[in-house]
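Student: input22.pdb is reproduced in full below (PDB, C-alpha atoms).
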```
ATOM      1  CA  MET A   1     -43.894 -20.355 -12.972
ATOM      2  CA  ASN A   2     -42.370 -20.177  -9.521
ATOM      3  CA  THR A   3     -39.060 -18.369 -10.095
ATOM      4  CA  VAL A   4     -37.848 -15.094  -8.611
ATOM      5  CA  ILE A   5     -35.519 -13.230 -10.980
ATOM      6  CA  THR A   6     -33.049 -10.637  -9.709
ATOM      7  CA  ILE A   7     -31.319  -8.279 -12.114
ATOM      8  CA  GLY A   8     -28.118  -6.392 -11.442
ATOM      9  CA  ARG A   9     -27.292  -3.907 -14.185
ATOM     10  CA  GLN A  10     -24.839  -1.369 -15.484
ATOM     11  CA  PHE A  11     -26.337   2.082 -15.850
ATOM     12  CA  GLY A  12     -27.547   2.538 -19.407
ATOM     13  CA  SER A  13     -27.677  -1.201 -20.188
ATOM     14  CA  ALA A  14     -31.505  -1.213 -20.275
ATOM     15  CA  GLY A  15     -31.617  -3.531 -17.254
ATOM     16  CA  ARG A  16     -34.867  -2.115 -15.944
ATOM     17  CA  GLU A  17     -36.592  -2.222 -19.337
ATOM     18  CA  ILE A  18     -35.428  -5.799 -19.820
ATOM     19  CA  GLY A  19     -36.710  -6.698 -16.348
ATOM     20  CA  GLU A  20     -40.108  -5.184 -17.114
ATOM     21  CA  LYS A  21     -40.386  -7.091 -20.397
ATOM     22  CA  VAL A  22     -39.372 -10.377 -18.788
ATOM     23  CA  ALA A  23     -41.983  -9.824 -16.074
ATOM     24  CA  ALA A  24     -44.623  -9.015 -18.698
ATOM     25  CA  HIS A  25     -43.762 -12.202 -20.612
ATOM     26  CA  PHE A  26     -44.438 -14.351 -17.549
ATOM     27  CA  GLY A  27     -47.307 -12.228 -16.211
ATOM     28  CA  ILE A  28     -45.527 -11.373 -12.962
ATOM     29  CA  VAL A  29     -44.653  -8.111 -11.180
ATOM     30  CA  CYS A  30     -41.400  -6.216 -11.743
ATOM     31  CA  TYR A  31     -40.098  -4.303  -8.723
ATOM     32  CA  ASP A  32     -37.705  -1.398  -9.195
ATOM     33  CA  LYS A  33     -38.749   1.927  -7.691
ATOM     34  CA  GLU A  34     -41.907   0.102  -6.595
ATOM     35  CA  LEU A  35     -39.752  -1.652  -4.030
ATOM     36  CA  LEU A  36     -39.086   1.700  -2.348
ATOM     37  CA  THR A  37     -42.814   2.392  -2.065
ATOM     38  CA  ARG A  38     -43.386  -1.008  -0.492
ATOM     39  CA  ALA A  39     -40.390  -0.676   1.855
ATOM     40  CA  ALA A  40     -41.560   2.794   2.934
ATOM     41  CA  LYS A  41     -45.047   1.511   3.722
ATOM     42  CA  GLU A  42     -43.755  -1.452   5.740
ATOM     43  CA  SER A  43     -40.865   0.256   7.549
ATOM     44  CA  GLY A  44     -42.480   3.567   8.408
ATOM     45  CA  PHE A  45     -39.779   5.565   6.604
ATOM     46  CA  CYS A  46     -40.944   8.227   4.198
ATOM     47  CA  GLU A  47     -40.404   7.229   0.573
ATOM     48  CA  GLU A  48     -38.304  10.329  -0.120
ATOM     49  CA  MET A  49     -35.802   9.260   2.538
ATOM     50  CA  LEU A  50     -35.525   5.786   1.026
ATOM     51  CA  ALA A  51     -35.062   7.291  -2.421
ATOM     52  CA  ASN A  52     -32.273   9.574  -1.180
ATOM     53  CA  HIS A  53     -30.320   6.575   0.097
ATOM     54  CA  ASP A  54     -31.310   4.214  -2.709
ATOM     55  CA  GLU A  55     -28.325   2.144  -3.911
ATOM     56  CA  ARG A  56     -25.908   4.659  -2.463
ATOM     57  CA  PRO A  57     -22.908   3.447  -0.482
ATOM     58  CA  THR A  58     -22.148   4.457   3.061
ATOM     59  CA  ASN A  59     -18.686   5.080   4.447
ATOM     60  CA  SER A  60     -19.748   4.035   7.927
ATOM     61  CA  PHE A  61     -17.455   1.664   9.793
ATOM     62  CA  LEU A  62     -20.522   0.254  11.531
ATOM     63  CA  TYR A  63     -21.118  -2.212   8.697
ATOM     64  CA  ASN A  64     -20.066  -5.284  10.719
ATOM     65  CA  LEU A  65     -22.212  -4.176  13.623
ATOM     66  CA  VAL A  66     -25.209  -3.815  11.347
ATOM     67  CA  MET A  67     -24.780  -7.215   9.753
ATOM     68  CA  ASP A  68     -24.250  -8.793  13.180
ATOM     69  CA  THR A  69     -27.447  -7.233  14.496
ATOM     70  CA  TYR A  70     -29.273  -8.295  11.335
ATOM     71  CA  SER A  71     -28.012 -11.876  11.645
ATOM     72  CA  PHE A  72     -28.798 -12.233  15.328
ATOM     73  CA  GLY A  73     -31.888 -10.077  15.482
ATOM     74  CA  TYR A  74     -31.581  -6.349  16.081
ATOM     75  CA  ASN A  75     -33.173  -4.863  19.177
ATOM     76  CA  ALA A  76     -34.735  -1.444  19.425
ATOM     77  CA  SER A  77     -31.722   0.291  20.957
ATOM     78  CA  SER A  78     -29.187  -0.952  18.406
ATOM     79  CA  PHE A  79     -31.545  -0.055  15.561
ATOM     80  CA  VAL A  80     -32.023   3.475  16.913
ATOM     81  CA  ASP A  81     -28.261   4.003  17.005
ATOM     82  CA  MET A  82     -27.703   2.923  13.397
ATOM     83  CA  PRO A  83     -26.952   5.502  10.680
ATOM     84  CA  ILE A  84     -29.955   6.182   8.468
ATOM     85  CA  SER A  85     -28.264   4.538   5.476
ATOM     86  CA  GLN A  86     -28.034   1.267   7.390
ATOM     87  CA  LYS A  87     -31.696   1.453   8.401
ATOM     88  CA  VAL A  88     -32.698   2.046   4.790
ATOM     89  CA  PHE A  89     -30.664  -0.966   3.682
ATOM     90  CA  LEU A  90     -32.273  -3.204   6.297
ATOM     91  CA  ALA A  91     -35.759  -1.948   5.376
ATOM     92  CA  GLN A  92     -35.133  -2.827   1.721
ATOM     93  CA  PHE A  93     -33.524  -6.142   2.680
ATOM     94  CA  ASP A  94     -36.611  -7.163   4.667
ATOM     95  CA  THR A  95     -38.973  -6.028   1.920
ATOM     96  CA  ILE A  96     -37.072  -7.955  -0.766
ATOM     97  CA  LYS A  97     -37.372 -11.155   1.285
ATOM     98  CA  LYS A  98     -41.101 -10.592   1.854
ATOM     99  CA  ILE A  99     -41.750  -9.915  -1.826
ATOM    100  CA  ALA A 100     -39.839 -13.027  -2.898
ATOM    101  CA  SER A 101     -41.710 -15.197  -0.379
ATOM    102  CA  GLU A 102     -45.038 -14.086  -1.865
ATOM    103  CA  GLY A 103     -44.401 -15.579  -5.291
ATOM    104  CA  PRO A 104     -42.581 -15.196  -8.613
ATOM    105  CA  CYS A 105     -41.438 -11.706  -9.577
ATOM    106  CA  VAL A 106     -38.559  -9.697 -11.027
ATOM    107  CA  ILE A 107     -36.508  -7.497  -8.689
ATOM    108  CA  VAL A 108     -34.122  -4.947 -10.184
ATOM    109  CA  GLY A 109     -30.960  -3.926  -8.308
ATOM    110  CA  ARG A 110     -30.626  -3.245  -4.569
ATOM    111  CA  CYS A 111     -28.511  -6.316  -3.719
ATOM    112  CA  ALA A 112     -31.597  -8.498  -4.236
ATOM    113  CA  ASP A 113     -29.468 -11.485  -5.227
ATOM    114  CA  TYR A 114     -27.594 -11.234  -1.922
ATOM    115  CA  ALA A 115     -30.771 -10.715   0.098
ATOM    116  CA  LEU A 116     -32.216 -13.868  -1.478
ATOM    117  CA  SER A 117     -29.089 -16.023  -1.330
ATOM    118  CA  ASP A 118     -30.953 -18.594   0.787
ATOM    119  CA  PHE A 119     -33.865 -18.862  -1.684
ATOM    120  CA  ALA A 120     -33.552 -21.905  -3.981
ATOM    121  CA  ASN A 121     -36.087 -20.721  -6.558
ATOM    122  CA  CYS A 122     -34.057 -17.698  -7.745
ATOM    123  CA  ILE A 123     -32.133 -16.821 -10.885
ATOM    124  CA  HIS A 124     -29.620 -14.001 -10.537
ATOM    125  CA  LEU A 125     -28.793 -12.058 -13.698
ATOM    126  CA  PHE A 126     -26.456  -9.209 -14.574
ATOM    127  CA  ILE A 127     -27.037  -7.009 -17.612
ATOM    128  CA  TYR A 128     -24.187  -5.019 -19.101
ATOM    129  CA  ALA A 129     -23.473  -3.307 -22.422
ATOM    130  CA  ASP A 130     -20.589  -1.720 -24.252
ATOM    131  CA  GLU A 131     -19.805   1.920 -23.528
ATOM    132  CA  ALA A 132     -20.969   3.282 -26.894
ATOM    133  CA  ALA A 133     -24.403   1.684 -26.553
ATOM    134  CA  ARG A 134     -24.814   2.961 -23.012
ATOM    135  CA  ILE A 135     -23.722   6.487 -23.877
ATOM    136  CA  SER A 136     -26.124   6.540 -26.816
ATOM    137  CA  ARG A 137     -29.006   5.330 -24.674
ATOM    138  CA  ILE A 138     -28.398   7.763 -21.800
ATOM    139  CA  SER A 139     -27.812  10.681 -24.188
ATOM    140  CA  ARG A 140     -31.205  10.082 -25.779
ATOM    141  CA  LYS A 141     -33.047   9.381 -22.559
ATOM    142  CA  TYR A 142     -31.818  12.413 -20.621
ATOM    143  CA  GLU A 143     -30.996  14.703 -23.594
ATOM    144  CA  LEU A 144     -27.329  14.957 -22.633
ATOM    145  CA  SER A 145     -24.131  15.417 -24.591
ATOM    146  CA  GLU A 146     -21.944  12.344 -25.001
ATOM    147  CA  ASN A 147     -19.466  13.637 -22.428
ATOM    148  CA  LYS A 148     -22.155  14.333 -19.841
ATOM    149  CA  ALA A 149     -23.758  10.962 -20.501
ATOM    150  CA  ARG A 150     -20.372   9.269 -20.005
ATOM    151  CA  ASP A 151     -19.848  11.138 -16.720
ATOM    152  CA  MET A 152     -23.319  10.143 -15.518
ATOM    153  CA  ILE A 153     -22.673   6.483 -16.381
ATOM    154  CA  ILE A 154     -19.358   6.460 -14.516
ATOM    155  CA  LYS A 155     -20.910   8.089 -11.448
ATOM    156  CA  LYS A 156     -23.962   5.807 -11.328
ATOM    157  CA  ASP A 157     -21.957   2.634 -11.869
ATOM    158  CA  LYS A 158     -19.521   3.664  -9.151
ATOM    159  CA  GLN A 159     -22.432   4.182  -6.747
ATOM    160  CA  ARG A 160     -23.982   0.812  -7.569
ATOM    161  CA  GLN A 161     -20.652  -0.989  -7.353
ATOM    162  CA  SER A 162     -19.793   0.586  -3.999
ATOM    163  CA  TYR A 163     -23.242  -0.160  -2.589
ATOM    164  CA  TYR A 164     -23.214  -3.781  -3.741
ATOM    165  CA  ASN A 165     -19.634  -4.483  -2.666
ATOM    166  CA  TYR A 166     -20.247  -2.844   0.695
ATOM    167  CA  TYR A 167     -23.388  -4.715   1.687
ATOM    168  CA  SER A 168     -22.807  -7.944  -0.220
ATOM    169  CA  SER A 169     -20.120 -10.591   0.235
ATOM    170  CA  LYS A 170     -19.722 -10.661  -3.564
ATOM    171  CA  LYS A 171     -18.368  -8.350  -6.265
ATOM    172  CA  TRP A 172     -20.660  -6.249  -8.451
ATOM    173  CA  GLY A 173     -20.537  -7.162 -12.126
ATOM    174  CA  ARG A 174     -18.237 -10.152 -11.686
ATOM    175  CA  ALA A 175     -19.459 -13.273 -13.474
ATOM    176  CA  ASP A 176     -19.134 -15.561 -10.454
ATOM    177  CA  SER A 177     -21.529 -13.349  -8.495
ATOM    178  CA  TYR A 178     -24.439 -14.264 -10.800
ATOM    179  CA  ASP A 179     -26.015 -17.184 -12.632
ATOM    180  CA  LEU A 180     -25.961 -15.458 -16.017
ATOM    181  CA  CYS A 181     -24.366 -12.272 -17.361
ATOM    182  CA  ILE A 182     -25.611 -10.899 -20.687
ATOM    183  CA  SER A 183     -24.532  -8.006 -22.888
ATOM    184  CA  SER A 184     -27.671  -6.224 -24.067
ATOM    185  CA  SER A 185     -25.653  -4.455 -26.768
ATOM    186  CA  VAL A 186     -25.007  -7.784 -28.536
ATOM    187  CA  LEU A 187     -28.609  -8.991 -28.841
ATOM    188  CA  GLY A 188     -30.501  -5.749 -28.248
ATOM    189  CA  VAL A 189     -33.236  -5.393 -25.641
ATOM    190  CA  ASP A 190     -35.728  -7.780 -27.217
ATOM    191  CA  GLY A 191     -33.082 -10.387 -28.029
ATOM    192  CA  THR A 192     -31.824 -10.248 -24.455
ATOM    193  CA  VAL A 193     -35.369 -10.638 -23.127
ATOM    194  CA  LYS A 194     -35.901 -13.654 -25.379
ATOM    195  CA  LEU A 195     -32.676 -15.279 -24.154
ATOM    196  CA  ILE A 196     -33.545 -14.673 -20.499
ATOM    197  CA  CYS A 197     -37.066 -16.031 -20.904
ATOM    198  CA  GLN A 198     -35.691 -19.210 -22.479
ATOM    199  CA  TYR A 199     -33.149 -19.533 -19.654
ATOM    200  CA  ILE A 200     -35.895 -19.154 -17.046
ATOM    201  CA  GLN A 201     -38.119 -21.676 -18.842
ATOM    202  CA  ASP A 202     -35.275 -24.209 -18.908
ATOM    203  CA  PHE A 203     -34.670 -23.547 -15.205
ATOM    204  CA  GLU A 204     -38.358 -24.162 -14.488
ATOM    205  CA  ASP A 205     -38.376 -27.362 -16.536
ATOM    206  CA  ARG A 206     -35.479 -28.820 -14.569
ATOM    207  CA  LYS A 207     -37.310 -28.588 -11.240
TER     208      LYS A 207
END
```
What would the structure in this file look like if it were written as structure tokens?
Tutor:
Amino acid sequence: MNTVITIGRQFGSAGREIGEKVAAHFGIVCYDKELLTRAAKESGFCEEMLANHDERPTNSFLYNLVMDTYSFGYNASSFVDMPISQKVFLAQFDTIKKIASEGPCVIVGRCADYALSDFANCIHLFIYADEAARISRISRKYELSENKARDMIIKKDKQRQSYYNYYSSKKWGRADSYDLCISSSVLGVDGTVKLICQYIQDFEDRK
């Protein structure tokens, strides 16, 4: 097993749970919030700061500047002048690349597919689900009414979409941005895990 799996996900689609089960199946590590801990340790930022900016878009017009400095190597002065949201993104970006270079793993969210676009040993997945299934799941998990669960789903998805579309050159949730898109409400969590594991095994066998 030498594959890095990235998982984009709609809020309430069980993307993280699916990622954890896929990782457990192959005996590898799943990074979600754990990525923030690692990025905090390696960047010097406090974890709370990273969490506050986690997968949240920025309205800064300095995006092109940031990506230019990332591409050509950012120096101390340009990094100091960046908005904190940009620094957090770069810290996560660097950490994702380091994690992937260390061996097979599952990375949930945080533009990981874009960060690893140059890595040949990656599979990029997107997990979605129908609205009723997501509302039901979020209602149970957070003990919310259906209306509040729906509002939470809309807000979280909007944040993730804005973040991904802002930092990535691709579109969040669009099929051509990923290798495989799966509805977890069709097969359920375990059925989706089974399908993904078979897909990964076939990918491994073709190498």
Student: When distances are computed from only C-alpha atoms, which of A:Arg38, A:His53, A:Arg150, A:His25 shows the smallest separation from A:Lys194?
Tutor: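 Checking each candidate against A:Lys194, we get A:His25 as the closest.
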Student: On this structure, the PyMOL selection byres ((chain A and resi 147-149) around 12) would catch which residues? List them as an mmCIF file with C-alpha atoms, in the coordinates of the input, sorted by chain and number.
Tutor:
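Produced file out.cif, reproduced below:
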```cif
data_model
loop_
_atom_site.group_PDB
_atom_site.id
_atom_site.type_symbol
_atom_site.label_atom_id
_atom_site.label_comp_id
_atom_site.auth_asym_id
_atom_site.auth_seq_id
_atom_site.Cartn_x
_atom_site.Cartn_y
_atom_site.Cartn_z
ATOM 1 C CA PHE A 11 -26.337 2.082 -15.850
ATOM 2 C CA GLY A 12 -27.547 2.538 -19.407
ATOM 3 C CA GLU A 131 -19.805 1.920 -23.528
ATOM 4 C CA ALA A 132 -20.969 3.282 -26.894
ATOM 5 C CA ALA A 133 -24.403 1.684 -26.553
ATOM 6 C CA ARG A 134 -24.814 2.961 -23.012
ATOM 7 C CA ILE A 135 -23.722 6.487 -23.877
ATOM 8 C CA SER A 136 -26.124 6.540 -26.816
ATOM 9 C CA ARG A 137 -29.006 5.330 -24.674
ATOM 10 C CA ILE A 138 -28.398 7.763 -21.800
ATOM 11 C CA SER A 139 -27.812 10.681 -24.188
ATOM 12 C CA ARG A 140 -31.205 10.082 -25.779
ATOM 13 C CA LYS A 141 -33.047 9.381 -22.559
ATOM 14 C CA TYR A 142 -31.818 12.413 -20.621
ATOM 15 C CA GLU A 143 -30.996 14.703 -23.594
ATOM 16 C CA LEU A 144 -27.329 14.957 -22.633
ATOM 17 C CA SER A 145 -24.131 15.417 -24.591
ATOM 18 C CA GLU A 146 -21.944 12.344 -25.001
ATOM 19 C CA ARG A 150 -20.372 9.269 -20.005
ATOM 20 C CA ASP A 151 -19.848 11.138 -16.720
ATOM 21 C CA MET A 152 -23.319 10.143 -15.518
ATOM 22 C CA ILE A 153 -22.673 6.483 -16.381
ATOM 23 C CA ILE A 154 -19.358 6.460 -14.516
ATOM 24 C CA LYS A 155 -20.910 8.089 -11.448
ATOM 25 C CA LYS A 156 -23.962 5.807 -11.328
#
```
Student: What does the structure give for the distance between atom CA of A:Ser168 and atom CA of A:Gly188, in Å to one decimal?
Tutor: 29.1 Å
Student: Since I can't run it myself right now, could you work out what the PyMOL selection byres ((chain A and resi 51) around 10) selects here and report it as number ranges by chain?
Tutor: A: 33, 36-37, 40, 46-50, 52-56, 88
Student: Could you tell me how far atom CA of A:His124 sits from atom CA of A:Asp179, in Å to one decimal place?
Tutor: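 Atom-to-atom, atom CA of A:Asp179 and atom CA of A:His124 are spaced 5.2 Å apart.
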Student: Show me the residues around (-41.1, -3.8, 2.2) - criterion: an atom at most 8 Å away, all atoms listed in the file counted - as a PDB file with C-alpha atoms, in the coordinates of the input.
Tutor:
```
ATOM      1  CA  LEU A  35     -39.752  -1.652  -4.030  1.00  0.00           C
ATOM      2  CA  LEU A  36     -39.086   1.700  -2.348  1.00  0.00           C
ATOM      3  CA  THR A  37     -42.814   2.392  -2.065  1.00  0.00           C
ATOM      4  CA  ARG A  38     -43.386  -1.008  -0.492  1.00  0.00           C
ATOM      5  CA  ALA A  39     -40.390  -0.676   1.855  1.00  0.00           C
ATOM      6  CA  ALA A  40     -41.560   2.794   2.934  1.00  0.00           C
ATOM      7  CA  LYS A  41     -45.047   1.511   3.722  1.00  0.00           C
ATOM      8  CA  GLU A  42     -43.755  -1.452   5.740  1.00  0.00           C
ATOM      9  CA  SER A  43     -40.865   0.256   7.549  1.00  0.00           C
ATOM     10  CA  ALA A  91     -35.759  -1.948   5.376  1.00  0.00           C
ATOM     11  CA  GLN A  92     -35.133  -2.827   1.721  1.00  0.00           C
ATOM     12  CA  PHE A  93     -33.524  -6.142   2.680  1.00  0.00           C
ATOM     13  CA  ASP A  94     -36.611  -7.163   4.667  1.00  0.00           C
ATOM     14  CA  THR A  95     -38.973  -6.028   1.920  1.00  0.00           C
ATOM     15  CA  ILE A  96     -37.072  -7.955  -0.766  1.00  0.00           C
ATOM     16  CA  LYS A  98     -41.101 -10.592   1.854  1.00  0.00           C
ATOM     17  CA  ILE A  99     -41.750  -9.915  -1.826  1.00  0.00           C
TER      18      ILE A  99
END
```
Student: Could you check the closest approach to A:Asn165 for each of A:Cys105, A:Ala129, A:Leu195, A:Cys111 and tell me which residue wins, using all atoms listed in the file?
Tutor: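 Closest candidate: A:Cys111.
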Student: Running the PyMOL selection byres ((chain A and resi 7) around 10) on this model by hand, what would come out? Give it as a ChimeraX atom specification.
Tutor: /A:5-6,8-9,15-16,18-19,32,106-113,123-127,178,180-181
Student: How about completing stretch 42-53 of chain A with all heavy atoms and giving it to me as an mmCIF file, keeping the file's coordinate frame?
Tutor:
```cif
data_model
loop_
_atom_site.group_PDB
_atom_site.id
_atom_site.type_symbol
_atom_site.label_atom_id
_atom_site.label_comp_id
_atom_site.auth_asym_id
_atom_site.auth_seq_id
_atom_site.Cartn_x
_atom_site.Cartn_y
_atom_site.Cartn_z
ATOM 1 N N GLU A 42 -43.929 -0.418 4.724
ATOM 2 C CA GLU A 42 -43.755 -1.452 5.740
ATOM 3 C C GLU A 42 -42.777 -1.063 6.853
ATOM 4 O O GLU A 42 -42.831 -1.618 7.941
ATOM 5 C CB GLU A 42 -43.311 -2.758 5.076
ATOM 6 C CG GLU A 42 -44.396 -3.327 4.163
ATOM 7 C CD GLU A 42 -44.020 -4.657 3.533
ATOM 8 O OE1 GLU A 42 -42.866 -5.089 3.717
ATOM 9 O OE2 GLU A 42 -44.877 -5.246 2.859
ATOM 10 N N SER A 43 -41.877 -0.119 6.558
ATOM 11 C CA SER A 43 -40.865 0.256 7.549
ATOM 12 C C SER A 43 -41.228 1.511 8.329
ATOM 13 O O SER A 43 -40.698 1.770 9.407
ATOM 14 C CB SER A 43 -39.515 0.487 6.863
ATOM 15 O OG SER A 43 -39.567 1.651 6.038
ATOM 16 N N GLY A 44 -42.128 2.318 7.745
ATOM 17 C CA GLY A 44 -42.480 3.567 8.408
ATOM 18 C C GLY A 44 -41.621 4.739 7.970
ATOM 19 O O GLY A 44 -41.869 5.880 8.343
ATOM 20 N N PHE A 45 -40.593 4.476 7.154
ATOM 21 C CA PHE A 45 -39.779 5.565 6.604
ATOM 22 C C PHE A 45 -40.575 6.272 5.517
ATOM 23 O O PHE A 45 -41.403 5.654 4.848
ATOM 24 C CB PHE A 45 -38.494 5.031 5.969
ATOM 25 C CG PHE A 45 -37.468 4.555 6.949
ATOM 26 C CD1 PHE A 45 -37.019 3.242 6.909
ATOM 27 C CD2 PHE A 45 -36.951 5.405 7.912
ATOM 28 C CE1 PHE A 45 -36.071 2.787 7.811
ATOM 29 C CE2 PHE A 45 -36.001 4.963 8.812
ATOM 30 C CZ PHE A 45 -35.563 3.654 8.770
ATOM 31 N N CYS A 46 -40.296 7.547 5.324
ATOM 32 C CA CYS A 46 -40.944 8.227 4.198
ATOM 33 C C CYS A 46 -40.219 7.791 2.918
ATOM 34 O O CYS A 46 -39.016 7.523 2.927
ATOM 35 C CB CYS A 46 -40.926 9.741 4.361
ATOM 36 S SG CYS A 46 -39.323 10.512 4.198
ATOM 37 N N GLU A 47 -40.958 7.729 1.828
ATOM 38 C CA GLU A 47 -40.404 7.229 0.573
ATOM 39 C C GLU A 47 -39.257 8.101 0.075
ATOM 40 O O GLU A 47 -38.292 7.609 -0.511
ATOM 41 C CB GLU A 47 -41.512 7.141 -0.485
ATOM 42 C CG GLU A 47 -41.105 6.356 -1.708
ATOM 43 C CD GLU A 47 -42.284 6.076 -2.635
ATOM 44 O OE1 GLU A 47 -43.436 6.126 -2.178
ATOM 45 O OE2 GLU A 47 -42.029 5.812 -3.815
ATOM 46 N N GLU A 48 -39.354 9.412 0.320
ATOM 47 C CA GLU A 48 -38.304 10.329 -0.120
ATOM 48 C C GLU A 48 -36.963 9.991 0.542
ATOM 49 O O GLU A 48 -35.905 10.036 -0.084
ATOM 50 C CB GLU A 48 -38.688 11.774 0.209
ATOM 51 C CG GLU A 48 -37.715 12.806 -0.322
ATOM 52 C CD GLU A 48 -38.128 14.236 0.037
ATOM 53 O OE1 GLU A 48 -39.108 14.405 0.786
ATOM 54 O OE2 GLU A 48 -37.451 15.159 -0.426
ATOM 55 N N MET A 49 -37.022 9.627 1.819
ATOM 56 C CA MET A 49 -35.802 9.260 2.538
ATOM 57 C C MET A 49 -35.184 8.000 1.945
ATOM 58 O O MET A 49 -33.974 7.910 1.739
ATOM 59 C CB MET A 49 -36.101 9.048 4.025
ATOM 60 C CG MET A 49 -34.877 8.743 4.874
ATOM 61 S SD MET A 49 -35.326 8.381 6.582
ATOM 62 C CE MET A 49 -35.966 9.970 7.114
ATOM 63 N N LEU A 50 -36.021 7.012 1.645
ATOM 64 C CA LEU A 50 -35.525 5.786 1.026
ATOM 65 C C LEU A 50 -34.911 6.076 -0.337
ATOM 66 O O LEU A 50 -33.866 5.531 -0.691
ATOM 67 C CB LEU A 50 -36.661 4.776 0.884
ATOM 68 C CG LEU A 50 -37.117 4.080 2.174
ATOM 69 C CD1 LEU A 50 -38.409 3.325 1.933
ATOM 70 C CD2 LEU A 50 -36.055 3.145 2.702
ATOM 71 N N ALA A 51 -35.563 6.948 -1.093
ATOM 72 C CA ALA A 51 -35.062 7.291 -2.421
ATOM 73 C C ALA A 51 -33.706 7.990 -2.340
ATOM 74 O O ALA A 51 -32.818 7.756 -3.170
ATOM 75 C CB ALA A 51 -36.075 8.183 -3.141
ATOM 76 N N ASN A 52 -33.529 8.837 -1.331
ATOM 77 C CA ASN A 52 -32.273 9.574 -1.180
ATOM 78 C C ASN A 52 -31.095 8.655 -0.875
ATOM 79 O O ASN A 52 -29.950 8.984 -1.173
ATOM 80 C CB ASN A 52 -32.394 10.628 -0.069
ATOM 81 C CG ASN A 52 -33.235 11.810 -0.487
ATOM 82 O OD1 ASN A 52 -33.412 12.058 -1.684
ATOM 83 N ND2 ASN A 52 -33.773 12.535 0.473
ATOM 84 N N HIS A 53 -31.384 7.520 -0.262
ATOM 85 C CA HIS A 53 -30.320 6.575 0.097
ATOM 86 C C HIS A 53 -30.314 5.346 -0.809
ATOM 87 O O HIS A 53 -29.564 4.402 -0.571
ATOM 88 C CB HIS A 53 -30.483 6.135 1.553
ATOM 89 C CG HIS A 53 -30.178 7.215 2.548
ATOM 90 N ND1 HIS A 53 -28.910 7.458 3.022
ATOM 91 C CD2 HIS A 53 -30.970 8.140 3.131
ATOM 92 C CE1 HIS A 53 -28.938 8.479 3.865
ATOM 93 N NE2 HIS A 53 -30.186 8.906 3.952
#
```
